[in-house]
Every structure is written in C-alpha cells, then in structure tokens.
Amino acid sequence: AATLALGLWGSAHAAGEQRVKFSTNLGDFVVEVYPDKAPKTVANFLQYVKDKHYDGLIFHRVIADFMVQGGGFDQNYQQKATRAPIKHEGREALAKGLHNTVGTVAMARTNDPHSASSQFFINVVDNSRLDPVPIPDGDPVKNFQFQGKTYESLPRAQLVNHPMLFGYTVFGKVVSGMDVVEKIRNTPTGAAGPFPSDVPKTPVIIHSATLQK
C-alpha cells in the first residue's frame with residue numbers, strides 16, 4: 001500500500017510540473033515551476049516566457065551570499081515594460097512546502113507585497129528570512145512571536161496585512177544547470193547604469209527563456 005501511495009503521489013506531482021529553459025551567455029539552466037502550489041504566480045511567469053519577455057534581458061543584481069536577480073532590465077539598463085502586478089500568494093505556497101532555500105526561484109518585488117511583475121530571483125543560499133510569516137489562528141491572535149519579540153491580543157487583520165510579514169513567493173526551483181547559476185553568483189560586480197552596486201561587470205545576458213515540452 002505504501003509503495004502504491006508513493007507511486008500515485010509521484011504521478012500527480014509530475015503532472016503539476018512545468019519546466020523553462022534559460023539560455024544565457026554563461027550557459028543554460030532549467031527551472032521547474034509548481035502551478036499546484038503557486039498557480040497565479042506560475043501563470044504570470046509562464047506568460048512572460050511565452051511572450052519572449054525575458055529574451056535579451058540581464059541579471060542586473062547579483063549578491064554572492066544572497067541571490068541573483070533578473071528579468072527586468074536590458075543591456076542598456078533600461079527597464080522593460082510589464083503587465084500589471086500580481087497578487088502575492090507566498091503564504092499559500094509556503095503552506096504547500098515552498099521555502100526560500102538554495103536553488104529555489106521566487107518573485108522579486110518592491111516594499112508593496114502585491115507589486116511583483118516579471119522580475120525573479122534565484123536563492124544561492126538558504127534565505128529563511130525571506131519566507132512569509134505564518135499567522136496563528138484566532139482573532140484576535142492571542143500570542144504572536146516575530147524577530148524575538150512576543151505580541152499579545154493583536155487583531156488578525158493587522159497581522160495578515162502587515163507588509164513585513166508577507167515575505168517572498170517561491171514558485172519554482174532550478175533542477176539542472178545550478179553550476180551556471182554558481183557562475184552568475186560568482187561574477188565580479190560593481191556600479192552600472194542606475195545601480196550603485198551589485199551589477200555584473202560583464203553582463204549576464206538571457207539569450208532566451210523557453211517552455212520545455
């Protein structure tokens with residue numbers, strides 16, 4: 001029975017997966033996305049892939065002990081126009097097992113949790129501090145701990161909507177070519193365009209992003 005159950009889980013898991021191949025000037029890597037865990041985020045990402053939005057863009061922000069980020073700027077550091085941002089669904093993805101660990105892919109955003117559009121980042125270390133913060137049951141929430149402090153009897157809506165508690169939505173993972181991501185991670189960086197730091201001195205260019213059959 002256990003073997004049968006595992007077999008069924010494996011089939012269902014595979015059915016929900018899709019893969020995108022990124023070809024860059026440093027090599028190729030493949031991202032597996034999980035529409036069963038972050039459906040709106042994955043649909044948004046795949047639409048940008050289908051629209052060839054990422055082709056010719058760069059990884060414009062590279063921090064070796066943190067993450068590598070791309071999907072927004074071209075080689076002249078001009079930001080490419082995007083569709084409207086999507087609703088944050090990080091807590092839903094977290095509840096289904098997606099965390100900001102090495103190799104996972106998450107949506108980049110501004111301080112507004114609901115501002116993600118086309119930019120994404122790949123975690124190159126475990127970044128648990130980027131995970132959404134689960135909100136305990138109850139209203140008011142009797143006991144809530146955050147950053148070493150304990151809060152009591154807080155209105156649930158205050159916690160659910162607090163910008164600092166949303167974290168970042170994980171929606172996929174690099175399943176091959178992590179050595180290429182390591183090359184991106186270790187490329188020398190400095191100031192360029194409008195950015196004061198963390199820009200690869202030799203541009204890391206996304207030649208194409210294509211949906212795998």
# chains A, B, ... in the order shown; residues from 1 in each chain; ligands from 1

call {"tool": "residues_around", "arguments": {"residues": "Glu92 in chain A", "least_positions_apart": "5", "cutoff": "10 Å", "atoms": "only C-alpha atoms", "output": "VMD selection string"}}
result
chain A and resid 37 to 39 97 to 98 132 134 169 to 170

call {"tool": "select_by_dssp", "arguments": {"residues": "chain A", "states": "alpha helix (DSSP H)", "output": "ChimeraX atom specification"}}
result
/A:2-15,39-50,90-95,156-160,178-185

call {"tool": "atom_distance", "arguments": {"atom1": "CA of Pro203 in chain A", "atom2": "CA of Pro85 in chain A"}}
result
26.4 Å

call {"tool": "residues_around", "arguments": {"residues": "Val102 in chain A", "least_positions_apart": "5", "cutoff": "10 Å", "atoms": "only C-alpha atoms", "output": "list in words"}}
result
Phe66, Met67, Ile122, Asn123, Val124, Val125, Asp126, Asn127, Lys173, Val174 and Met178 of chain A

call {"tool": "write_last_selection", "arguments": {"atoms": "N, CA, C and O atoms", "output": "compact mmCIF listing (two decimals), in the first residue's frame"}}
result
# COMPACT_ATOMS: atom_id res chain seq x y z
N PHE A 66 23.70 35.80 -1.23
CA PHE A 66 22.27 36.05 -1.10
C PHE A 66 21.48 35.47 -2.27
O PHE A 66 20.86 34.41 -2.14
N MET A 67 21.50 36.12 -3.42
CA MET A 67 20.69 35.68 -4.55
C MET A 67 21.15 36.36 -5.83
O MET A 67 21.97 37.29 -5.79
N ILE A 122 16.91 33.94 -7.88
CA ILE A 122 17.26 32.58 -7.53
C ILE A 122 18.06 32.63 -6.24
O ILE A 122 19.08 33.33 -6.16
N ASN A 123 17.59 31.93 -5.22
CA ASN A 123 18.31 31.88 -3.95
C ASN A 123 19.60 31.06 -4.13
O ASN A 123 19.54 29.92 -4.60
N VAL A 124 20.74 31.64 -3.74
CA VAL A 124 22.00 30.89 -3.83
C VAL A 124 22.49 30.45 -2.45
O VAL A 124 23.51 29.77 -2.33
N VAL A 125 21.76 30.83 -1.41
CA VAL A 125 21.93 30.31 -0.05
C VAL A 125 20.54 30.11 0.52
O VAL A 125 19.54 30.54 -0.08
N ASP A 126 20.44 29.46 1.66
CA ASP A 126 19.15 29.33 2.33
C ASP A 126 18.76 30.69 2.92
O ASP A 126 19.48 31.24 3.75
N ASN A 127 17.64 31.22 2.47
CA ASN A 127 17.19 32.54 2.91
C ASN A 127 15.84 32.45 3.63
O ASN A 127 14.82 32.97 3.17
N LYS A 173 12.03 25.97 -8.89
CA LYS A 173 13.37 25.58 -8.45
C LYS A 173 14.23 25.23 -9.67
O LYS A 173 13.73 24.69 -10.66
N VAL A 174 15.51 25.56 -9.56
CA VAL A 174 16.46 25.17 -10.60
C VAL A 174 16.72 23.67 -10.45
O VAL A 174 17.17 23.21 -9.40
N MET A 178 22.60 24.21 -12.14
CA MET A 178 22.92 25.03 -10.97
C MET A 178 24.38 25.50 -11.02
O MET A 178 24.72 26.53 -10.42

call {"tool": "atom_distance", "arguments": {"atom1": "CA of Gly148 in chain A", "atom2": "CA of Met164 in chain A"}}
result
14.5 Å
